[in-house]
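Okay, so here's the structure we're looking at.
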Amino acid sequence: MTSGSTLTTEDSTPPEVTRRFAGVIDSLKGRANEAGALAALVLVCATFAVLSPGFRTFNNLITVGRQVSLLAIVGVGMTFVIITAGIDLSVGSLVALSGVVMVKLVTEQGVPPVPAMLITMALLGCIGAFVGASVSLGGLQPFVVTLAVFASARGLAAVATGGTVVLLSNRTVLQVGTGYVGPVPIPIIIAAVALATGHIILTRTRYGRYVYAIGGNEEAARVSGVPVRRIKTSVYVLSACMCALAGVVLAGRLHAGDPLAGTGLELNVIAAVVIGGTSLFGGVGNMRGTLIGVFIIGVISNGLTILNVQTFWQDVAKGGVIFLAMSVDAYLRKHSKARLA
Amino acid sequence: MTKNIGADRDMSEASPPHLEMRAIYKSFAGVRALDGVSLNVHAGRVHALLGENGAGKSTLIKILAGAYQADSGSILIQDQEVNLRTPQDAIHAGVATIYQELLMCPNLSIAANVFLGQEHRRRGLLLKESSMLDASKMSLASLGLNVDPRRSVGNLPVAQQQLVEIARALARDSSVLVMDEPTAALSEPEIERLFGVIRQLRDEGHAIVYISHILAEIFAIADEVTVMRDGEVITTVPVVDSTEQSLITAMVGRAVGTPQQTERYATPEKPPILAVRHLTLKGAFQDVSLDVRPGEVVGIAGIVGAGRTELLRTIFGLDRADSGRIEIDGHLVKVTSPRVAIRHGMAMTTEDRQKDALFPNFHVRENLTIAGITRLCRLGVIRRPAEQRAASEVSQAFTIRPSDPEQLMVNLSGGNQQKVTIGRWLLTEPHVLLLDEPTRGVDVGAKSEIRRIIRERASTGSAVLVVSSELPELLAVTDRLLIMREGRIVAEVATADTRHEEVMAYAVGTSSNIPGLETP
């Protein structure tokens with residue numbers, strides 16, 4: 001017994017160099033995922049602040065905040081999905097579908113806003129459960145399943161409205177999209193609450209631990225008694241419910257349920273989450289990064305609009321920044337891995 | 001015919017070796033795998049490499065195949081030193097390795113696989129399909145395989161895929177053919193056919209390295225045999241001068257490096273905690289029954305592929321049995337998933353640490369608490385201080401180094417990583433421990449610690465079932481040994497009065513009872 005314990009201290013310690021650098025690399029690595037993104041955000045903000053006085057105002061900050069709130073709400077669900085090494089391409093279509101459902105319930109069926117909201121969430125939750133079950137029980141690729149839902153959900157939304165928009169007149173719902181609490185727009189508050197809740201769930205709860213475990217090593221999670229199928233299904237339900245919330249907010253802002261709302265949203269959300277350091281391979285990521293990521297995307301659009309840059313060029317610039325942020329990330333990752341190996 | 005070959009062999013004995021490996025050393029993370037191994041293989045001979053799992057055979061041939069780099073030593077082919085830094089280098093040097101898991105593209109045709117990487121091309125651009133089809137058809141026919149070379153490799157039986165791989169080696173003008181347990185997946189007649197091909201290649205002047213731990217095969221096919229143990233060459237002898245017994249003795253050695261047997265606890269006459277009855281998983285094991293009593297450590301010995309890993313996985317609910325029962329504390333339990341198994345007090349560590357056990361994205365703390373996290377939660381929220389305390393306690397109890405649980409897993413040695421995968425089960429307070437290769441790939445110090453941990457768990461009343469390919473390990477730690485061969489338990493012995501040779505004889509199935517092994 002005693003001989004055993006003396007033996008290990010000798011030969012189990014990692015090589016001298018690795019040990020010396022381990023602490024530094026650990027702290028670097030812990031933040032490295034967001035470090036690139038944060039640097040990019042600061043750089044982008046500084047550039048616009050210099051180029052345009054209009055960018056530097058408090059009002060503009062609120063504007064950016066409102067623009068990114070939608071990305072942030074959907075991004076919370078997407079972060080969970082991507083940490084399990086999944087992907088959800090259906091979010092843009094689900095946002096459109098939920099907006100249409102909500103507006104139709106409120107204006108055509110006369111359902112009060114709160115029950116209407118709950119019904120919309122439940123419906124979207126069912127779609128999420130279908131996606132999740134196909135992935136976790138049916139063994140289908142999340143990319144393929146959510147691509148199918150991406151097509152069908154927007155189609156359903158258009159069918160429901162006959163291809164046009166349905167106008168919204170309910171004041172409560174309009175408030176959700178356009179109202180303020182003091183100087184702060186309600187969508188920003190909703191996004192902040194969603195991000196904070198997501199952060200706590202990921203870092204403090206058993207559920208969050210299981211989400212990371214599945215993304216890190218699904219087989220090991222199964223052996224360790226993690227309910228892998230249940231958790232994998234639930235992240236798609238969560239993502240769909242966040243889409244329902246975002247859909248209601250967007251309908252309130254647009255004064256209508258629009259089957260074409262949220263077109264291309266999925267790419268912006270995935271870009272924001274990934275820029276924020278969440279790995280598409282799973283197991284790594286957090287809400288801080290997602291917050292930074294949505295701001296990068298939002299600030300680029302906002303700044304370039306203020307500078308009167310054509311929207312087409314905005315897309316080009318956005319692509320460039322995404323590539324740059326990911327390159328920095330890949331470089332940092334490779335560097336720290338090489339040292340550790 | 002046979003006389004003729006015999007004469008040829010005598011001539012080559014005098015000639016210099018075709019392949020020479022000189023004083024090869026290789027370590028992995030401080031664990032010595034090869035300790036100055038030298039090997040001479042002559043053209044026109046079949047040279048067998050024999051040894052238990054972990055003896056260093058695989059490492060040696062991976063160095064020869066360019067997959068690993070030796071730390072020191074040299075390799076000569078026809079007296080020319082060769083530098084094998086990549087698998088491509090090995091191919092160019094004329095060394096072809098045929099692994100147990102065949103390395104081909106199952107979606108491509110036979111012809112495409114045979115000429116993969118050296119396609120016949122017209123002006124270096126367009127493929128000359130017809131010439132490749134003809135050439136591969138001829139090559140395969142010479143190996144006794146008459147199939148349409150346009151068929152895709154994935155649809156062929158394993159035995160035929162193997163021949164395609166041999167044809168590929170020949171298409172590359174390989175003079176050295178290394179075959180790593182080529183008969184593992186073959187039936188009796190297929191083995192006979194393969195031996196025919198090997199003899200043919202030998203007579204054509206190829207140097208063949210044949211790896212196996214099935215003694216009967218070595219007597220059937222090899223000219224010389226080199227026995228390895230613990231990373232060293234024990235002996236190289238002509239097969240005609242050796243017997244099964246002398247080879248087994250060379251393989252297992254005499255008490256050298258054999259761990260001391262730990263203090264035995266008298267097998268308690270309590271009812272078993274774990275009882276398995278007539279358990280069958282098709283294609284893996286059949287009709288397995290066993291009991292493990294509280295305080296008892298039971299080992300399962302056998303060669304790779306005997307069905308040991310699958311048995312443990314099935315008991316733990318990772319695979320679903322086709323028939324049979326599992327009882328815990330006398331109650332029938334339907335183990336449909338690991339969660340059910342854990343709820344009934346079972347715990348398991350898997351054979352492949354990296355693949356099935358470790359979370360590379362987690363710190364040591366999180367790796368230690370993942371299985372028992374529910375006990376550290378209040379309403380689904382993890383109690384941080386409780387988690388930190390639990391992780392520190394396990395870390396101390398198992399002397400995990402570095403001792404700080406806020407380390408990344410990559411900073412731990414293999415032995416400490418393994419202690420983490422066992423230690424995580426401390427939190428669930430299991431009554432039944434299923435350990436698959438608990439000491440694989442860990443250093444000597446960690447091995448003895450893991451042995452101590454296993455005995456400790458048993459002394460607290462747990463039932464432990466251990467699978468290991470390292471027999472000395474099993475002899476040191478278990479009370480009772482079950483020996484599996486080809487999916488069945490073929491023998492059960494009390495560890496205290498059994499010997500290494502006896503277990504090996506059961507495991508490799510030379511005979512159920514070898515004369516001369518009875519008395520020491």
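Residues are named by chain letter and number: chains run A, B, ... in the order of the structure tokens, numbers start at 1 in each chain, and ligands are numbered from 1 in the order shown.
Those residues that approach region 146-152 of chain B to within 7 Å, counting only C-alpha atoms, are Pro106, Asn107, Leu108, Ser109, Ile110, Ala111, Leu133, Ser136, Lys137, Leu140 and Ala141 of chain B; same-chain residues fewer than 5 positions away are not listed.
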Okay, now the selection with C-alpha atoms, as a PDB file, in the first residue's frame?
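Writing done, so here's selection_2.pdb:
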ATOM      1  CA  PRO B 106     -14.787  -0.471 -49.103  1.00  0.00           C
ATOM      2  CA  ASN B 107     -16.655   1.691 -51.616  1.00  0.00           C
ATOM      3  CA  LEU B 108     -14.034   1.316 -54.348  1.00  0.00           C
ATOM      4  CA  SER B 109     -13.581  -1.625 -56.675  1.00  0.00           C
ATOM      5  CA  ILE B 110     -11.058  -4.410 -56.163  1.00  0.00           C
ATOM      6  CA  ALA B 111      -8.931  -3.070 -59.006  1.00  0.00           C
ATOM      7  CA  LEU B 133      -8.598  -4.600 -64.365  1.00  0.00           C
ATOM      8  CA  SER B 136      -5.551  -7.136 -60.771  1.00  0.00           C
ATOM      9  CA  LYS B 137      -7.499 -10.057 -62.162  1.00  0.00           C
ATOM     10  CA  LEU B 140      -5.739 -12.280 -57.700  1.00  0.00           C
ATOM     11  CA  ALA B 141      -5.977 -15.436 -59.806  1.00  0.00           C
TER      12      ALA B 141
END
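For chain B, the residues close to chain A, meaning within 6 Å and counting only C-alpha atoms, are Pro338, Arg339, Asp356, Ala357, Phe359, Asn361, Ala371, Gly380, Val381, Ile382, Ser413, Gly445, Ala446, Ser448 and Glu449 of chain B.
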Those residues you just picked out, can you put them in a file as a compact mmCIF listing (two decimals), in the first residue's frame with C-alpha atoms?
# COMPACT_ATOMS: atom_id res chain seq x y z
CA PRO B 338 -26.13 1.94 -18.19
CA ARG B 339 -28.50 4.18 -16.21
CA ASP B 356 -15.36 5.70 -23.93
CA ALA B 357 -14.40 7.23 -20.63
CA PHE B 359 -14.18 14.00 -21.21
CA ASN B 361 -13.24 19.24 -22.36
CA ALA B 371 -21.38 9.79 -12.69
CA GLY B 380 -30.82 20.22 -10.16
CA VAL B 381 -28.34 22.91 -9.18
CA ILE B 382 -24.81 21.67 -8.52
CA SER B 413 -0.44 10.51 -17.18
CA GLY B 445 3.53 2.41 -10.25
CA ALA B 446 -0.03 3.15 -11.27
CA SER B 448 0.19 -1.47 -8.37
CA GLU B 449 -1.99 1.40 -7.13
Legend entry - Nearest residue to Ile186 (chain A) from the set A:Pro142, A:Gly264, A:Gly252, A:Gly276 (distances using only C-alpha atoms): A:Gly252
Inset, instruction - Identify, on the basis of only C-alpha atoms, every residue whose closest approach to Ala133 (chain A) does not exceed 10 Å; exclude the query and any residue fewer than 4 positions from it along the same chain; express the result as a PyMOL selection string. - result: chain A and resi 127-129+137-140+229-230+232-234+236-237
Inset, instruction - Apply DSSP to the backbone of this structure and, from region 96-330 of chain A, keep only the residues in strand (DSSP E); write these as an MDAnalysis selection string. - result: chainID A and resid 166:167 180:181 184:185 256:257
Those selected residues, please, written with N, CA and C atoms and delivered as a PDB file, in the first residue's frame.
ATOM      1  N   VAL A 166     -50.047  38.804 -41.929  1.00  0.00           N
ATOM      2  CA  VAL A 166     -51.260  39.075 -41.143  1.00  0.00           C
ATOM      3  C   VAL A 166     -50.934  40.190 -40.155  1.00  0.00           C
ATOM      4  N   LEU A 167     -51.766  41.209 -40.166  1.00  0.00           N
ATOM      5  CA  LEU A 167     -51.462  42.387 -39.369  1.00  0.00           C
ATOM      6  C   LEU A 167     -51.806  42.174 -37.901  1.00  0.00           C
ATOM      7  N   TYR A 180     -40.844  49.991 -23.947  1.00  0.00           N
ATOM      8  CA  TYR A 180     -39.668  50.305 -23.143  1.00  0.00           C
ATOM      9  C   TYR A 180     -39.977  50.110 -21.676  1.00  0.00           C
ATOM     10  N   VAL A 181     -38.961  49.768 -20.902  1.00  0.00           N
ATOM     11  CA  VAL A 181     -39.027  49.891 -19.449  1.00  0.00           C
ATOM     12  C   VAL A 181     -37.975  50.932 -19.119  1.00  0.00           C
ATOM     13  N   VAL A 184     -34.909  51.448 -21.505  1.00  0.00           N
ATOM     14  CA  VAL A 184     -34.451  50.190 -22.106  1.00  0.00           C
ATOM     15  C   VAL A 184     -35.596  49.487 -22.844  1.00  0.00           C
ATOM     16  N   PRO A 185     -35.387  49.187 -24.141  1.00  0.00           N
ATOM     17  CA  PRO A 185     -36.413  48.474 -24.899  1.00  0.00           C
ATOM     18  C   PRO A 185     -36.675  47.087 -24.307  1.00  0.00           C
ATOM     19  N   ALA A 256     -46.854  42.685 -37.384  1.00  0.00           N
ATOM     20  CA  ALA A 256     -47.467  41.686 -38.268  1.00  0.00           C
ATOM     21  C   ALA A 256     -46.826  40.325 -38.082  1.00  0.00           C
ATOM     22  N   GLY A 257     -47.561  39.295 -38.479  1.00  0.00           N
ATOM     23  CA  GLY A 257     -46.974  37.964 -38.615  1.00  0.00           C
ATOM     24  C   GLY A 257     -46.588  37.787 -40.076  1.00  0.00           C
TER      25      GLY A 257
END
Inset, instruction - Apply DSSP to the backbone of this structure and, from region 282-493 of chain B, keep only the residues in alpha helix (DSSP H); write these as a PyMOL selection string. - result: chain B and resi 308-315+338-343+353-356+364-369+384-397+414-423+444-459+471-477
Could you write those residues out with C-alpha atoms, as a PDB file, in the first residue's frame?
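New file out_2.pdb:
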ATOM      1  CA  ARG B 308     -14.735 -10.796 -22.563  1.00  0.00           C
ATOM      2  CA  THR B 309     -15.285  -7.105 -23.303  1.00  0.00           C
ATOM      3  CA  GLU B 310     -18.678  -7.781 -24.855  1.00  0.00           C
ATOM      4  CA  LEU B 311     -19.692  -9.759 -21.765  1.00  0.00           C
ATOM      5  CA  LEU B 312     -18.918  -6.855 -19.432  1.00  0.00           C
ATOM      6  CA  ARG B 313     -20.616  -4.371 -21.750  1.00  0.00           C
ATOM      7  CA  THR B 314     -23.740  -6.510 -21.845  1.00  0.00           C
ATOM      8  CA  ILE B 315     -23.898  -6.911 -18.061  1.00  0.00           C
ATOM      9  CA  PRO B 338     -26.133   1.936 -18.189  1.00  0.00           C
ATOM     10  CA  ARG B 339     -28.504   4.176 -16.210  1.00  0.00           C
ATOM     11  CA  VAL B 340     -30.444   1.117 -15.084  1.00  0.00           C
ATOM     12  CA  ALA B 341     -27.194  -0.660 -14.254  1.00  0.00           C
ATOM     13  CA  ILE B 342     -25.989   2.280 -12.189  1.00  0.00           C
ATOM     14  CA  ARG B 343     -29.312   2.473 -10.359  1.00  0.00           C
ATOM     15  CA  ARG B 353     -10.117   5.141 -21.963  1.00  0.00           C
ATOM     16  CA  GLN B 354      -9.863   7.887 -24.557  1.00  0.00           C
ATOM     17  CA  LYS B 355     -12.855   6.778 -26.568  1.00  0.00           C
ATOM     18  CA  ASP B 356     -15.361   5.705 -23.925  1.00  0.00           C
ATOM     19  CA  VAL B 364     -10.399  16.485 -13.472  1.00  0.00           C
ATOM     20  CA  ARG B 365     -13.081  17.624 -11.013  1.00  0.00           C
ATOM     21  CA  GLU B 366     -15.857  17.355 -13.581  1.00  0.00           C
ATOM     22  CA  ASN B 367     -14.516  14.026 -14.843  1.00  0.00           C
ATOM     23  CA  LEU B 368     -14.617  12.717 -11.288  1.00  0.00           C
ATOM     24  CA  THR B 369     -18.141  13.875 -10.461  1.00  0.00           C
ATOM     25  CA  ARG B 384     -20.140  23.915  -5.871  1.00  0.00           C
ATOM     26  CA  PRO B 385     -18.467  23.382  -2.478  1.00  0.00           C
ATOM     27  CA  ALA B 386     -19.848  19.853  -2.235  1.00  0.00           C
ATOM     28  CA  GLU B 387     -18.553  19.070  -5.704  1.00  0.00           C
ATOM     29  CA  GLN B 388     -15.112  20.449  -4.966  1.00  0.00           C
ATOM     30  CA  ARG B 389     -14.948  18.527  -1.711  1.00  0.00           C
ATOM     31  CA  ALA B 390     -16.045  15.281  -3.372  1.00  0.00           C
ATOM     32  CA  ALA B 391     -13.468  15.686  -6.152  1.00  0.00           C
ATOM     33  CA  SER B 392     -10.667  16.405  -3.683  1.00  0.00           C
ATOM     34  CA  GLU B 393     -11.608  13.401  -1.590  1.00  0.00           C
ATOM     35  CA  VAL B 394     -11.516  10.998  -4.517  1.00  0.00           C
ATOM     36  CA  SER B 395      -8.326  12.584  -5.766  1.00  0.00           C
ATOM     37  CA  GLN B 396      -6.689  11.995  -2.389  1.00  0.00           C
ATOM     38  CA  ALA B 397      -8.107   8.502  -1.868  1.00  0.00           C
ATOM     39  CA  GLY B 414      -2.269   7.439 -18.475  1.00  0.00           C
ATOM     40  CA  GLY B 415      -2.219   5.855 -15.038  1.00  0.00           C
ATOM     41  CA  ASN B 416      -3.750   8.877 -13.379  1.00  0.00           C
ATOM     42  CA  GLN B 417      -6.345   9.210 -16.111  1.00  0.00           C
ATOM     43  CA  GLN B 418      -7.286   5.617 -15.424  1.00  0.00           C
ATOM     44  CA  LYS B 419      -7.576   6.333 -11.704  1.00  0.00           C
ATOM     45  CA  VAL B 420      -9.980   9.133 -12.597  1.00  0.00           C
ATOM     46  CA  THR B 421     -12.179   6.773 -14.609  1.00  0.00           C
ATOM     47  CA  ILE B 422     -12.350   4.335 -11.698  1.00  0.00           C
ATOM     48  CA  GLY B 423     -12.553   7.072  -9.096  1.00  0.00           C
ATOM     49  CA  VAL B 444       4.201   0.158 -13.211  1.00  0.00           C
ATOM     50  CA  GLY B 445       3.532   2.409 -10.245  1.00  0.00           C
ATOM     51  CA  ALA B 446      -0.031   3.147 -11.274  1.00  0.00           C
ATOM     52  CA  LYS B 447      -0.588  -0.555 -11.937  1.00  0.00           C
ATOM     53  CA  SER B 448       0.189  -1.469  -8.369  1.00  0.00           C
ATOM     54  CA  GLU B 449      -1.991   1.395  -7.129  1.00  0.00           C
ATOM     55  CA  ILE B 450      -4.910   0.255  -9.240  1.00  0.00           C
ATOM     56  CA  ARG B 451      -4.444  -3.269  -7.889  1.00  0.00           C
ATOM     57  CA  ARG B 452      -4.549  -1.862  -4.378  1.00  0.00           C
ATOM     58  CA  ILE B 453      -7.721   0.090  -5.191  1.00  0.00           C
ATOM     59  CA  ILE B 454      -9.392  -3.038  -6.571  1.00  0.00           C
ATOM     60  CA  ARG B 455      -8.599  -5.040  -3.437  1.00  0.00           C
ATOM     61  CA  GLU B 456      -9.743  -2.138  -1.293  1.00  0.00           C
ATOM     62  CA  ARG B 457     -13.123  -1.988  -3.014  1.00  0.00           C
ATOM     63  CA  ALA B 458     -13.547  -5.734  -2.522  1.00  0.00           C
ATOM     64  CA  SER B 459     -12.628  -5.496   1.145  1.00  0.00           C
ATOM     65  CA  LEU B 471      -2.292 -12.544 -16.910  1.00  0.00           C
ATOM     66  CA  PRO B 472       0.166 -11.646 -14.144  1.00  0.00           C
ATOM     67  CA  GLU B 473      -2.201  -8.801 -13.340  1.00  0.00           C
ATOM     68  CA  LEU B 474      -5.144 -11.149 -12.956  1.00  0.00           C
ATOM     69  CA  LEU B 475      -3.139 -13.641 -10.948  1.00  0.00           C
ATOM     70  CA  ALA B 476      -2.103 -10.882  -8.573  1.00  0.00           C
ATOM     71  CA  VAL B 477      -5.455  -9.311  -7.949  1.00  0.00           C
TER      72      VAL B 477
END
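Shortest atom-to-atom contact with Gly163 (chain A) among A:Leu260, A:Cys241, A:Cys126, A:Leu94: A:Leu260, counting only C-alpha atoms.
When the distance limit is 12 Å and only C-alpha atoms are what count, the residues near Ser169 (chain A), minus those fewer than 2 positions from it on the same chain, are A:Met102, A:Val103, A:Lys104, A:Leu105, A:Val106, A:Thr107, A:Glu108, A:Gly110, A:Pro113, A:Val166, A:Leu167, A:Arg171, A:Thr172, A:Val173, A:Leu174, A:Gln175, A:Ala251, A:Gly252, A:Arg253, A:Leu254, A:His255, A:Ala256, A:Gly257.
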Just C-alpha atoms for this one: save the residues we selected as a PDB file, in the first residue's frame.
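To be explicit, this is the file written out as out13.pdb:
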ATOM      1  CA  MET A 102     -49.143  34.104 -32.512  1.00  0.00           C
ATOM      2  CA  VAL A 103     -50.693  36.882 -34.603  1.00  0.00           C
ATOM      3  CA  LYS A 104     -53.385  34.600 -35.990  1.00  0.00           C
ATOM      4  CA  LEU A 105     -54.294  33.355 -32.515  1.00  0.00           C
ATOM      5  CA  VAL A 106     -54.518  36.861 -31.116  1.00  0.00           C
ATOM      6  CA  THR A 107     -56.187  38.732 -33.972  1.00  0.00           C
ATOM      7  CA  GLU A 108     -58.288  36.041 -35.672  1.00  0.00           C
ATOM      8  CA  GLY A 110     -59.241  36.367 -30.130  1.00  0.00           C
ATOM      9  CA  PRO A 113     -51.840  37.332 -25.418  1.00  0.00           C
ATOM     10  CA  VAL A 166     -51.260  39.075 -41.143  1.00  0.00           C
ATOM     11  CA  LEU A 167     -51.462  42.387 -39.369  1.00  0.00           C
ATOM     12  CA  ARG A 171     -51.336  46.412 -27.933  1.00  0.00           C
ATOM     13  CA  THR A 172     -49.738  44.014 -25.462  1.00  0.00           C
ATOM     14  CA  VAL A 173     -48.004  42.055 -28.170  1.00  0.00           C
ATOM     15  CA  LEU A 174     -46.898  45.263 -29.884  1.00  0.00           C
ATOM     16  CA  GLN A 175     -45.443  46.385 -26.544  1.00  0.00           C
ATOM     17  CA  ALA A 251     -44.063  40.086 -34.755  1.00  0.00           C
ATOM     18  CA  GLY A 252     -44.516  42.858 -32.199  1.00  0.00           C
ATOM     19  CA  ARG A 253     -41.784  44.915 -33.840  1.00  0.00           C
ATOM     20  CA  LEU A 254     -43.082  44.323 -37.387  1.00  0.00           C
ATOM     21  CA  HIS A 255     -46.729  44.888 -36.351  1.00  0.00           C
ATOM     22  CA  ALA A 256     -47.467  41.686 -38.268  1.00  0.00           C
ATOM     23  CA  GLY A 257     -46.974  37.964 -38.615  1.00  0.00           C
TER      24      GLY A 257
END
I'd like the contact shell of Phe195 (chain B) - 10 Å cut-off, only C-alpha atoms, skipping same-chain residues fewer than 2 positions apart - returned as a CSV table (one decimal) with C-alpha atoms, in the first residue's frame.
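Now in result-v4.csv:
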chain,number,residue,atom,x,y,z
B,183,THR,CA,-6.5,-15.5,-39.1
B,189,PRO,CA,-11.0,-23.7,-44.5
B,190,GLU,CA,-10.2,-20.0,-45.1
B,191,ILE,CA,-7.2,-20.3,-42.9
B,192,GLU,CA,-6.0,-23.3,-44.9
B,193,ARG,CA,-6.3,-21.4,-48.1
B,197,VAL,CA,-1.0,-18.4,-50.3
B,198,ILE,CA,1.6,-17.7,-47.6
B,199,ARG,CA,3.6,-20.8,-48.6
B,200,GLN,CA,3.4,-19.7,-52.2
B,201,LEU,CA,4.7,-16.2,-51.4
B,217,GLU,CA,-0.7,-21.8,-36.5
B,220,ALA,CA,1.8,-25.1,-39.2
B,221,ILE,CA,3.3,-22.1,-41.1
B,222,ALA,CA,6.4,-20.7,-39.6
Inset, instruction - Go through A:Met326, A:Ala151, A:Ala160, A:Leu123 one by one, measure the shortest atom-to-atom distance of each to Ser90 (chain A) using only C-alpha atoms, and give the residue with the smallest value. - result: A:Ala151
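One distance worth recording is that between CA of Gly253 (chain B) and CA of Asp352 (chain B), which is 27.3 Å.
Between CA of Met409 (chain B) and CA of Gly441 (chain B) the interatomic distance comes to 15.8 Å.
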Inset, instruction - Identify, on the basis of only C-alpha atoms, every residue whose closest approach to Thr305 (chain A) does not exceed 12 Å; exclude the query and any residue fewer than 2 positions from it along the same chain; express the result as a VMD selection string. - result: chain A and resid 48 52 54 to 55 60 63 to 64 298 to 303 307 to 315 317
Inset, instruction - Compile the contact shell of Met504 (chain B) as a ChimeraX atom specification: residues with an atom at most 12 Å away, counting only C-alpha atoms, same-chain residues fewer than 3 positions apart removed. - result: /B:51-53,213-215,244-245,247-253,301-303,469-472,475,481-485,490-491,498-501,507-514,517
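Considering only C-alpha atoms, the residue among B:Leu177, B:Ile489, B:Ile218, B:Val37 positioned nearest to Ile234 (chain B) is B:Val37.
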